[in-house]
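Novice: Next up, entry-v6.cif (mmCIF, C-alpha atoms and all ligand atoms).
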data_upload
#
loop_
_atom_site.group_PDB
_atom_site.id
_atom_site.type_symbol
_atom_site.label_atom_id
_atom_site.label_comp_id
_atom_site.auth_asym_id
_atom_site.auth_seq_id
_atom_site.Cartn_x
_atom_site.Cartn_y
_atom_site.Cartn_z
ATOM 1 C CA MET A 1 -187.037 64.392 125.052
ATOM 2 C CA VAL A 2 -187.555 65.876 121.584
ATOM 3 C CA VAL A 3 -185.166 63.280 120.156
ATOM 4 C CA LEU A 4 -186.960 60.440 121.982
ATOM 5 C CA LEU A 5 -190.348 61.553 120.704
ATOM 6 C CA TYR A 6 -188.899 61.823 117.210
ATOM 7 C CA ILE A 7 -187.590 58.257 117.496
ATOM 8 C CA ILE A 8 -190.967 56.954 118.713
ATOM 9 C CA THR A 9 -192.759 58.613 115.825
ATOM 10 C CA VAL A 10 -190.209 57.508 113.239
ATOM 11 C CA CYS A 11 -190.172 53.934 114.535
ATOM 12 C CA ALA A 12 -193.923 53.736 114.811
ATOM 13 C CA VAL A 13 -194.438 55.125 111.340
ATOM 14 C CA ALA A 14 -191.623 53.102 109.741
ATOM 15 C CA GLY A 15 -192.373 49.818 107.938
ATOM 16 C CA LYS A 16 -192.395 46.480 109.778
ATOM 17 C CA ASN A 17 -188.972 45.533 108.419
ATOM 18 C CA SER A 18 -187.188 48.502 109.907
ATOM 19 C CA ASN A 19 -184.293 47.538 112.176
ATOM 20 C CA MET A 20 -185.118 50.450 114.474
ATOM 21 C CA LEU A 21 -188.578 49.041 115.129
ATOM 22 C CA SER A 22 -187.195 45.963 116.883
ATOM 23 C CA LEU A 23 -186.060 48.228 119.703
ATOM 24 C CA PHE A 24 -189.717 48.838 120.503
ATOM 25 C CA GLU A 25 -191.045 45.337 119.922
ATOM 26 C CA GLN A 26 -190.540 44.383 123.541
ATOM 27 C CA ALA A 27 -191.405 45.928 126.874
ATOM 28 C CA LEU A 28 -189.084 48.828 127.528
ATOM 29 C CA ILE A 29 -186.837 48.418 130.564
ATOM 30 C CA GLU A 30 -187.651 51.992 131.526
ATOM 31 C CA PRO A 31 -190.909 53.451 130.178
ATOM 32 C CA ILE A 32 -190.559 56.490 127.909
ATOM 33 C CA LYS A 33 -192.003 59.753 129.237
ATOM 34 C CA ILE A 34 -194.307 61.087 126.528
ATOM 35 C CA LEU A 35 -195.350 64.470 127.965
ATOM 36 C CA PRO A 36 -192.928 67.399 128.394
ATOM 37 C CA MET A 37 -194.895 69.050 131.265
ATOM 38 C CA ASP A 38 -198.145 69.293 133.244
ATOM 39 C CA GLY A 39 -198.697 65.581 133.790
ATOM 40 C CA ALA A 40 -196.995 62.266 133.136
ATOM 41 C CA VAL A 41 -197.605 59.640 130.472
ATOM 42 C CA ASP A 42 -195.423 56.515 130.485
ATOM 43 C CA TYR A 43 -195.122 54.467 127.309
ATOM 44 C CA HIS A 44 -194.045 50.923 128.248
ATOM 45 C CA GLY A 45 -193.993 49.500 124.705
ATOM 46 C CA GLU A 46 -195.217 45.983 124.015
ATOM 47 C CA ILE A 47 -195.473 44.118 127.310
ATOM 48 C CA MET A 48 -196.203 40.672 125.786
ATOM 49 C CA PRO A 49 -195.135 38.671 122.720
ATOM 50 C CA GLU A 50 -197.100 39.277 119.489
ATOM 51 C CA ILE A 51 -198.671 35.776 119.599
ATOM 52 C CA GLU A 52 -200.022 36.366 123.118
ATOM 53 C CA ALA A 53 -201.464 39.748 122.111
ATOM 54 C CA GLU A 54 -203.208 38.027 119.207
ATOM 55 C CA HIS A 55 -204.599 35.344 121.531
ATOM 56 C CA TYR A 56 -206.044 37.994 123.889
ATOM 57 C CA PHE A 57 -207.534 39.973 120.984
ATOM 58 C CA HIS A 58 -209.572 36.949 119.821
ATOM 59 C CA ALA A 59 -210.470 35.848 123.362
ATOM 60 C CA LEU A 60 -211.727 39.322 124.322
ATOM 61 C CA LEU A 61 -213.616 39.743 121.052
ATOM 62 C CA ALA A 62 -215.499 36.505 121.803
ATOM 63 C CA GLU A 63 -216.025 36.646 125.575
ATOM 64 C CA ILE A 64 -216.668 40.309 126.426
ATOM 65 C CA ASP A 65 -220.256 41.496 126.791
ATOM 66 C CA TRP A 66 -219.898 44.182 124.084
ATOM 67 C CA ARG A 67 -222.670 46.816 123.906
ATOM 68 C CA CYS A 68 -223.075 50.074 121.957
ATOM 69 C CA ASP A 69 -222.063 53.036 124.105
ATOM 70 C CA GLN A 70 -224.794 55.469 125.127
ATOM 71 C CA ALA A 71 -224.262 59.171 125.805
ATOM 72 C CA VAL A 72 -226.278 62.335 126.286
ATOM 73 C CA ILE A 73 -224.623 65.206 124.391
ATOM 74 C CA PHE A 74 -226.330 68.645 124.413
ATOM 75 C CA GLY A 75 -229.497 66.903 125.644
ATOM 76 C CA LYS A 76 -229.500 64.446 122.742
ATOM 77 C CA HIS A 77 -229.354 60.694 123.328
ATOM 78 C CA ILE A 78 -226.578 59.161 121.221
ATOM 79 C CA GLU A 79 -225.605 55.546 120.570
ATOM 80 C CA THR A 80 -222.103 54.839 119.265
ATOM 81 C CA LYS A 81 -221.010 52.297 116.649
ATOM 82 C CA ARG A 82 -218.005 51.664 118.875
ATOM 83 C CA LYS A 83 -218.836 49.031 121.488
ATOM 84 C CA VAL A 84 -217.951 49.188 125.165
ATOM 85 C CA ALA A 85 -217.986 47.085 128.319
ATOM 86 C CA TRP A 86 -217.151 47.782 131.919
ATOM 87 C CA TYR A 87 -215.774 45.233 134.386
ATOM 88 C CA ALA A 88 -214.906 45.758 138.063
ATOM 89 C CA ASP A 89 -214.243 44.178 141.460
ATOM 90 C CA GLU A 90 -217.934 44.605 142.413
ATOM 91 C CA PRO A 91 -221.132 45.441 140.442
ATOM 92 C CA TYR A 92 -220.498 49.165 141.007
ATOM 93 C CA SER A 93 -222.082 51.979 139.035
ATOM 94 C CA TYR A 94 -220.077 54.619 137.204
ATOM 95 C CA THR A 95 -221.321 57.742 135.423
ATOM 96 C CA TYR A 96 -219.774 59.273 132.301
ATOM 97 C CA SER A 97 -221.281 61.225 129.387
ATOM 98 C CA SER A 98 -224.371 61.609 131.637
ATOM 99 C CA ILE A 99 -225.129 57.872 131.556
ATOM 100 C CA THR A 100 -224.753 55.556 134.545
ATOM 101 C CA LYS A 101 -223.280 52.131 133.757
ATOM 102 C CA HIS A 102 -223.108 49.028 135.925
ATOM 103 C CA ALA A 103 -219.994 46.898 136.081
ATOM 104 C CA ILE A 104 -219.911 43.150 135.619
ATOM 105 C CA PRO A 105 -217.480 40.700 137.305
ATOM 106 C CA TRP A 106 -213.987 40.123 135.872
ATOM 107 C CA THR A 107 -213.341 37.281 133.425
ATOM 108 C CA LYS A 108 -210.267 35.054 133.889
ATOM 109 C CA ASN A 109 -208.503 36.751 130.942
ATOM 110 C CA LEU A 110 -209.222 40.253 132.280
ATOM 111 C CA LEU A 111 -207.881 39.286 135.706
ATOM 112 C CA ALA A 112 -204.704 37.922 134.096
ATOM 113 C CA LEU A 113 -204.262 41.171 132.123
ATOM 114 C CA LYS A 114 -204.973 43.298 135.208
ATOM 115 C CA ALA A 115 -202.259 41.383 137.113
ATOM 116 C CA LEU A 116 -199.795 41.904 134.246
ATOM 117 C CA VAL A 117 -200.518 45.644 134.048
ATOM 118 C CA GLU A 118 -200.279 46.025 137.838
ATOM 119 C CA GLN A 119 -196.939 44.211 137.845
ATOM 120 C CA GLN A 120 -195.618 46.384 135.010
ATOM 121 C CA THR A 121 -196.802 49.703 136.493
ATOM 122 C CA GLY A 122 -196.669 49.134 140.270
ATOM 123 C CA GLU A 123 -200.218 50.550 140.426
ATOM 124 C CA ARG A 124 -203.478 48.909 141.602
ATOM 125 C CA PHE A 125 -206.768 49.088 139.666
ATOM 126 C CA ASN A 126 -210.352 48.113 140.574
ATOM 127 C CA SER A 127 -212.091 48.458 137.203
ATOM 128 C CA CYS A 128 -211.612 48.342 133.457
ATOM 129 C CA LEU A 129 -213.419 50.122 130.637
ATOM 130 C CA LEU A 130 -213.129 48.282 127.311
ATOM 131 C CA ASN A 131 -213.622 49.764 123.836
ATOM 132 C CA LEU A 132 -214.058 47.863 120.583
ATOM 133 C CA TYR A 133 -213.429 49.874 117.394
ATOM 134 C CA HIS A 134 -214.613 47.768 114.436
ATOM 135 C CA ASN A 135 -212.357 49.632 111.957
ATOM 136 C CA GLY A 136 -210.635 52.988 111.387
ATOM 137 C CA SER A 137 -213.920 54.841 110.867
ATOM 138 C CA GLU A 138 -214.569 54.514 114.616
ATOM 139 C CA GLY A 139 -212.546 56.529 117.097
ATOM 140 C CA MET A 140 -212.884 58.664 120.198
ATOM 141 C CA ALA A 141 -213.078 62.482 120.208
ATOM 142 C CA TRP A 142 -210.878 64.809 122.293
ATOM 143 C CA HIS A 143 -211.602 64.356 125.995
ATOM 144 C CA SER A 144 -209.986 63.898 129.360
ATOM 145 C CA ASP A 145 -210.984 61.243 131.863
ATOM 146 C CA GLY A 146 -211.936 63.458 134.773
ATOM 147 C CA GLU A 147 -215.270 62.003 135.854
ATOM 148 C CA LYS A 148 -216.074 62.566 139.508
ATOM 149 C CA ASP A 149 -216.232 58.801 140.200
ATOM 150 C CA LEU A 150 -212.585 58.383 139.161
ATOM 151 C CA LYS A 151 -209.830 58.573 141.777
ATOM 152 C CA GLU A 152 -208.339 62.076 141.497
ATOM 153 C CA ARG A 153 -204.902 61.992 139.808
ATOM 154 C CA GLY A 154 -205.190 58.169 139.739
ATOM 155 C CA ALA A 155 -203.262 56.304 137.055
ATOM 156 C CA ILE A 156 -205.146 55.062 133.978
ATOM 157 C CA ALA A 157 -203.404 52.186 132.197
ATOM 158 C CA SER A 158 -204.273 51.681 128.534
ATOM 159 C CA LEU A 159 -203.592 48.277 126.947
ATOM 160 C CA SER A 160 -204.191 47.807 123.207
ATOM 161 C CA PHE A 161 -204.944 44.769 121.011
ATOM 162 C CA GLY A 162 -205.709 44.268 117.319
ATOM 163 C CA ALA A 163 -205.074 47.028 114.789
ATOM 164 C CA THR A 164 -202.340 49.589 115.437
ATOM 165 C CA ARG A 165 -203.927 53.031 115.848
ATOM 166 C CA ARG A 166 -202.567 56.535 116.318
ATOM 167 C CA PHE A 167 -203.236 58.135 119.724
ATOM 168 C CA SER A 168 -202.845 61.867 120.399
ATOM 169 C CA PHE A 169 -202.510 64.289 123.302
ATOM 170 C CA LYS A 170 -203.311 68.021 123.114
ATOM 171 C CA HIS A 171 -202.370 70.500 125.835
ATOM 172 C CA LYS A 172 -205.497 72.385 126.968
ATOM 173 C CA GLN A 173 -203.762 75.820 127.010
ATOM 174 C CA SER A 174 -200.841 75.747 124.581
ATOM 175 C CA LYS A 175 -202.590 73.298 122.164
ATOM 176 C CA GLN A 176 -199.265 71.427 121.819
ATOM 177 C CA LEU A 177 -199.868 68.085 120.060
ATOM 178 C CA ILE A 178 -198.087 64.810 120.782
ATOM 179 C CA SER A 179 -198.903 61.589 118.910
ATOM 180 C CA LEU A 180 -197.740 58.008 118.970
ATOM 181 C CA ASP A 181 -198.886 54.726 117.440
ATOM 182 C CA LEU A 182 -200.276 52.131 119.853
ATOM 183 C CA LYS A 183 -199.417 48.609 118.711
ATOM 184 C CA PRO A 184 -201.053 45.350 119.862
ATOM 185 C CA GLY A 185 -199.849 44.350 123.332
ATOM 186 C CA SER A 186 -198.579 47.864 124.123
ATOM 187 C CA LEU A 187 -199.142 49.677 127.405
ATOM 188 C CA LEU A 188 -199.515 53.433 127.945
ATOM 189 C CA VAL A 189 -200.080 54.894 131.423
ATOM 190 C CA MET A 190 -201.579 58.357 132.075
ATOM 191 C CA LYS A 191 -200.758 59.676 135.558
ATOM 192 C CA GLU A 192 -200.675 62.658 137.914
ATOM 193 C CA ASP A 193 -202.066 65.902 136.376
ATOM 194 C CA THR A 194 -202.412 64.548 132.836
ATOM 195 C CA GLN A 195 -206.233 64.642 132.797
ATOM 196 C CA LYS A 196 -206.245 68.185 134.220
ATOM 197 C CA HIS A 197 -203.959 69.695 131.566
ATOM 198 C CA TRP A 198 -204.200 67.426 128.501
ATOM 199 C CA LEU A 199 -206.917 66.076 126.240
ATOM 200 C CA HIS A 200 -206.477 62.791 124.387
ATOM 201 C CA ARG A 201 -208.185 61.186 121.423
ATOM 202 C CA LEU A 202 -208.175 58.270 119.010
ATOM 203 C CA PRO A 203 -208.597 59.938 115.595
ATOM 204 C CA PRO A 204 -210.589 58.113 112.915
ATOM 205 C CA THR A 205 -208.509 56.996 109.940
ATOM 206 C CA LYS A 206 -209.180 55.676 106.440
ATOM 207 C CA LYS A 207 -205.945 53.641 106.556
ATOM 208 C CA VAL A 208 -207.110 51.035 109.109
ATOM 209 C CA HIS A 209 -209.665 48.372 108.160
ATOM 210 C CA GLU A 210 -209.215 45.972 111.075
ATOM 211 C CA ALA A 211 -210.698 46.015 114.573
ATOM 212 C CA ARG A 212 -208.923 47.267 117.682
ATOM 213 C CA ILE A 213 -209.676 46.548 121.343
ATOM 214 C CA ASN A 214 -208.518 48.927 124.072
ATOM 215 C CA LEU A 215 -208.626 48.298 127.806
ATOM 216 C CA THR A 216 -208.285 51.174 130.265
ATOM 217 C CA PHE A 217 -207.664 49.993 133.822
ATOM 218 C CA ARG A 218 -208.863 52.621 136.290
ATOM 219 C CA THR A 219 -209.515 53.241 139.980
ATOM 220 C CA ILE A 220 -213.062 54.253 140.788
ATOM 221 C CA ASN A 221 -214.058 55.725 144.169
ATOM 222 C CA PHE A 222 -217.057 53.617 145.022
ATOM 223 C CA GLN A 223 -219.486 54.765 147.685
HETATM 224 O O1 LIG B 1 -208.999 53.598 122.720
HETATM 225 C C1 LIG B 1 -208.141 54.247 123.309
HETATM 226 O O2 LIG B 1 -206.933 54.089 123.108
HETATM 227 C C2 LIG B 1 -208.516 55.305 124.322
HETATM 228 C C3 LIG B 1 -209.803 55.090 125.022
HETATM 229 C C4 LIG B 1 -210.092 56.204 125.977
HETATM 230 O O3 LIG B 1 -209.486 57.245 125.954
HETATM 231 C C5 LIG B 1 -211.135 56.025 126.976
HETATM 232 O O4 LIG B 1 -211.779 54.965 127.038
HETATM 233 O O5 LIG B 1 -211.347 56.966 127.778
HETATM 234 MN MN MN B 2 -209.899 58.506 127.729
#
What is this file in structure tokens?
Specialist:
Amino acid sequence: MVVLLYIITVCAVAGKNSNMLSLFEQALIEPIKILPMDGAVDYHGEIMPEIEAEHYFHALLAEIDWRCDQAVIFGKHIETKRKVAWYADEPYSYTYSSITKHAIPWTKNLLALKALVEQQTGERFNSCLLNLYHNGSEGMAWHSDGEKDLKERGAIASLSFGATRRFSFKHKQSKQLISLDLKPGSLLVMKEDTQKHWLHRLPPTKKVHEARINLTFRTINFQ
């Protein structure tokens, strides 16, 4: 496991011309297990060709109903620079960061991506939260996705487009850190007790100047 994680990090950090990198430029036959304990995170690698990932990045940038995210933190109303959108099977409502959001119906592209992710993971999802980070100055702080509306221990499948960004996990007790780089078209799946024992974040970086879009397919318990 240690060796595998070392390889992921080395390959992800290595330049584009590295021979080792080509190993990870296609969907992995067997996903790599990222966490050593207390949960399960599967890294599937890039599940589509680069040109298709680029097509989806531009299509989503243009067609998604992007809005600034709202949150109430310590009683203060906050609006993020990062933009978000939420799509689902029905116009359900979903509460996180003390704000209730209402889902809008799937687009054709989102349905195609949902089908691809479901085929790759063997899981089923009924909603998708999308994030648009305009550049490296925008990120997401340490958190776990444990909102009460989410299916308990349900899988969350994260599909990335646009700029490659580092993504990190931190164990809530031991503080162990695990990081990997998420490339366009790559799929990462958080399962089982991951949200209970691990935090995750997208750290801001001065090295990235391009936009990134992330889709997290989820299962919401709708009343
Ligand atoms: O942008 C990402 O890769 C992660 C997004 C995330 O953790 C979330 O939406 O809860
Ligand atoms: Mn999250």
Novice: Find the spatial neighbours of region 181-194 of chain A, counting only C-alpha atoms, within a cut-off of 7 Å - ignore same-chain residues fewer than 3 positions away - and output them as a PyMOL selection string.
Specialist: chain A and resi 12+38-48+50+53+153-167+197-198
Novice: Counting all atoms listed in the file, what residues are within 7 Å of ligand MN 2 (chain B), given as a list in words?
Specialist: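 The residues within 7 Å of ligand MN 2 (chain B), counting all atoms listed in the file, are His143, Ser144, Asp145 and His200 of chain A.
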Novice: Can you tell me, as number ranges by chain, what residues are no more than 7 Å from region 93-98 of chain A when counting only C-alpha atoms, ignoring any on the same chain fewer than 2 positions away?
Specialist: A: 71-72, 91, 100-103, 147, 149
Novice: What are the centre and the three edge lengths of an axis-aligned box that wraps all atoms of ligand LIG 1 (chain B) in the file, given that 8 Å is added to every side, written as AutoDock Vina command-line options and rounded to one decimal in Å?
Specialist:
--center_x -209.4 --center_y 55.4 --center_z 125.2 --size_x 20.8 --size_y 19.6 --size_z 21.1
Novice: Compare A:Lys175, A:Arg82, A:Lys196, A:Lys148 by their minimum atom-to-atom distance to ligand LIG 1 (chain B), counting all atoms listed in the file, and give me the closest one.
Specialist: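 Closest to ligand LIG 1 (chain B), using all atoms listed in the file: A:Arg82.
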Novice: As a check of understanding, name the residues that the PyMOL selection byres (((chain A and resi 213) around 7) and not hetatm) selects in the supplied structure, as a PyMOL selection string.
Specialist: chain A and resi 57+131-133+160-162+211-212+214-215
Novice: For ligand LIG 1 (chain B), which residue among A:Pro203, A:Pro105, A:Pro49, A:Pro31 is the nearest when counting all atoms listed in the file?
Specialist: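 The answer is A:Pro203, which sits nearest to ligand LIG 1 (chain B).
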Novice: Tell me which of A:Leu116, A:Asn221, A:Trp142, A:Lys207 sits closest to Leu177 (chain A), counting all atoms listed in the file.
Specialist: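 Under the stated criterion, the closest residue is A:Trp142.
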Novice: Work out how far CA of Ala88 (chain A) is from CA of His134 (chain A), in Å to one decimal.
Specialist: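 These atoms are spaced 23.7 Å apart.
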Novice: Between A:Thr107, A:Thr205, A:Ser179, A:Thr80, which one has atoms that come closest to Ser127 (chain A), using all atoms listed in the file?
Specialist: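 So, comparing all the options, the nearest one is A:Thr107.
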Novice: Have a look at CA of Ile104 (chain A) and CA of Tyr56 (chain A) and let me know their distance in Å, one decimal.
Specialist: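 Spanning CA of Ile104 (chain A) to CA of Tyr56 (chain A) is a straight-line distance of 18.9 Å.
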Novice: From the list A:Cys128, A:Ala115, A:Ile178, A:Val208, which residue is nearest ligand LIG 1 (chain B) when using only C-alpha atoms and all ligand atoms?
Specialist: A:Cys128
Novice: Using all atoms listed in the file, can you list as a list in words the residues within 8 Å of (-220.5, 52.9, 119.5)?
Specialist: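 Checked against the point, the hits come out as Arg67, Cys68, Asp69, Gln70, Glu79, Thr80, Lys81, Arg82, Lys83, Val84, Tyr133 and Glu138 of chain A.
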Novice: Which residue is closest to ligand LIG 1 (chain B)? Choose from A:Arg218, A:Arg201, A:His209, A:Lys76 and count all atoms listed in the file.
Specialist: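 Looking only at the distances to ligand LIG 1 (chain B), the closest residue turns out to be A:Arg201.
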Novice: At what distance in Å, to one decimal, does CA of Asn135 (chain A) lie from CA of Trp86 (chain A)?
Specialist: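 Answer for the CA of Trp86 (chain A) to CA of Asn135 (chain A) separation: 20.6 Å.
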